[in-house]
Amino acid sequence: MFQEQPTGNDTELWHKVFEKQIAYIQARQDFLNNCPDRVGLIKKALHNPSERGTALRLIKSLNLEERQGLFDDLVDLASVSHSDIELCRKVILSLPKKWLLANIENSAEPLLQDGTDEEYRRLLELYIDIDRKLAQRLAQRAVQHEDLDIREVGEDFQNYLENGYRTLSAL
């Protein structure tokens, strides 16, 4: 198959991307190797929407103990809709499953105490990716809630879990 040769401008644009990527890798390594309060700075960045994506991508480079130290902040972020929610979920799901199962409900409880259908829905989406039994417990809790909107979320997820729907997009 015939491919066109890149123009000078295309090549220049590519080299800019490549050079910025190399600069990012070097800056990231410098930050990880030389910043004594890297967890504190990342924690702060998680709550700044313009810095959040970078912080979430950087978390993957932290050690397990440091990632676990950010867990409550990550669960808090996973409980509401935002542009980085999928990245946030991936970071959470990168933690050991046994540890997740032992800690997720305690971390989510303060969010659910005064939560709305939004928190229940986002956390159920996360819970399904962690463990179906975990999701079933939260869906059952939602079904028994006094708030009609939260009950509806619980019913939606119970249907999903019972009928094995392929996607959550309809929920």
# chains A, B, ... in the order shown; residues from 1 in each chain; ligands from 1
>>> select_by_dssp(residues="chain A", states="alpha helix (DSSP H)", output="PyMOL selection string")
chain A and resi 8-34+38-46+49-59+64-69+71-78+85-93+97-113+117-130+132-143+148-163
>>> closest_residue(among="A:Lys133, A:Arg151, A:Arg52, A:Lys44", to="A:Arg121", atoms="only C-alpha atoms")
A:Arg151
>>> closest_residue(among="A:Asp117, A:Glu125, A:Glu66, A:Glu86", to="A:Val143", atoms="only C-alpha atoms")
A:Asp117
>>> residues_around(residues="stretch 106-110 of chain A", least_positions_apart="5", cutoff="10 Å", atoms="only C-alpha atoms", output="ChimeraX atom specification")
/A:71-76,78-79,100-101,115,119-120,123
>>> closest_residue(among="A:Glu105, A:Tyr127, A:Asn63, A:Gly69", to="A:Leu93", atoms="only C-alpha atoms")
A:Tyr127
>>> closest_residue(among="A:Leu77, A:Gln26, A:Glu19, A:Gly8", to="A:Ala45", atoms="only C-alpha atoms")
A:Leu77
>>> residues_around(residues="stretch 27-42 of chain A", least_positions_apart="4", cutoff="12 Å", atoms="only C-alpha atoms", output="ChimeraX atom specification")
/A:20-23,46-48,51-71,73-74
>>> write_last_selection(atoms="N, CA and C atoms", output="compact mmCIF listing (two decimals), in the first residue's frame")
# COMPACT_ATOMS: atom_id res chain seq x y z
N LYS A 20 8.90 16.60 23.74
CA LYS A 20 8.13 16.88 24.96
C LYS A 20 7.94 15.60 25.78
N GLN A 21 7.75 14.48 25.10
CA GLN A 21 7.61 13.20 25.80
C GLN A 21 8.89 12.86 26.56
N ILE A 22 10.02 13.02 25.92
CA ILE A 22 11.31 12.76 26.58
C ILE A 22 11.48 13.71 27.77
N ALA A 23 11.14 14.98 27.58
CA ALA A 23 11.24 15.95 28.67
C ALA A 23 10.32 15.56 29.83
N LEU A 46 -4.68 15.95 42.99
CA LEU A 46 -5.90 15.18 42.70
C LEU A 46 -7.17 16.02 42.85
N HIS A 47 -7.09 17.04 43.67
CA HIS A 47 -8.27 17.88 43.92
C HIS A 47 -8.26 19.16 43.09
N ASN A 48 -7.34 19.24 42.15
CA ASN A 48 -7.28 20.37 41.22
C ASN A 48 -7.57 19.80 39.83
N GLU A 51 -4.89 19.62 37.19
CA GLU A 51 -3.70 18.83 37.48
C GLU A 51 -4.02 17.35 37.71
N ARG A 52 -5.29 17.03 37.83
CA ARG A 52 -5.72 15.69 38.24
C ARG A 52 -5.23 14.57 37.31
N GLY A 53 -5.36 14.75 36.01
CA GLY A 53 -4.95 13.71 35.07
C GLY A 53 -3.47 13.38 35.19
N THR A 54 -2.65 14.41 35.31
CA THR A 54 -1.21 14.19 35.48
C THR A 54 -0.94 13.45 36.78
N ALA A 55 -1.60 13.85 37.85
CA ALA A 55 -1.42 13.18 39.14
C ALA A 55 -1.83 11.71 39.06
N LEU A 56 -2.96 11.43 38.43
CA LEU A 56 -3.43 10.05 38.33
C LEU A 56 -2.45 9.19 37.52
N ARG A 57 -1.91 9.75 36.45
CA ARG A 57 -0.93 8.99 35.66
C ARG A 57 0.37 8.78 36.43
N LEU A 58 0.73 9.71 37.27
CA LEU A 58 1.96 9.62 38.05
C LEU A 58 1.84 8.61 39.20
N ILE A 59 0.65 8.42 39.71
CA ILE A 59 0.43 7.49 40.81
C ILE A 59 0.93 6.09 40.46
N LYS A 60 0.82 5.71 39.21
CA LYS A 60 1.27 4.38 38.79
C LYS A 60 2.76 4.17 39.06
N SER A 61 3.52 5.25 39.17
CA SER A 61 4.96 5.16 39.41
C SER A 61 5.31 5.12 40.90
N LEU A 62 4.32 5.28 41.77
CA LEU A 62 4.56 5.23 43.21
C LEU A 62 4.61 3.79 43.68
N ASN A 63 5.20 3.59 44.85
CA ASN A 63 5.20 2.24 45.40
C ASN A 63 3.83 1.93 46.00
N LEU A 64 3.60 0.68 46.31
CA LEU A 64 2.28 0.23 46.76
C LEU A 64 1.82 0.96 48.02
N GLU A 65 2.69 1.13 48.98
CA GLU A 65 2.32 1.82 50.22
C GLU A 65 1.88 3.26 49.94
N GLU A 66 2.58 3.93 49.05
CA GLU A 66 2.21 5.31 48.71
C GLU A 66 0.87 5.35 47.99
N ARG A 67 0.64 4.41 47.07
CA ARG A 67 -0.65 4.36 46.37
C ARG A 67 -1.79 4.09 47.35
N GLN A 68 -1.55 3.18 48.29
CA GLN A 68 -2.57 2.88 49.30
C GLN A 68 -2.85 4.09 50.17
N GLY A 69 -1.85 4.92 50.40
CA GLY A 69 -2.03 6.14 51.18
C GLY A 69 -2.93 7.17 50.50
N LEU A 70 -3.09 7.05 49.21
CA LEU A 70 -3.95 7.95 48.44
C LEU A 70 -5.35 7.37 48.22
N PHE A 71 -5.60 6.20 48.76
CA PHE A 71 -6.82 5.46 48.47
C PHE A 71 -8.10 6.23 48.79
N ASP A 73 -8.66 9.38 48.90
CA ASP A 73 -8.82 10.46 47.92
C ASP A 73 -9.29 9.89 46.58
N LEU A 74 -8.73 8.75 46.20
CA LEU A 74 -9.12 8.12 44.94
C LEU A 74 -10.57 7.66 44.97
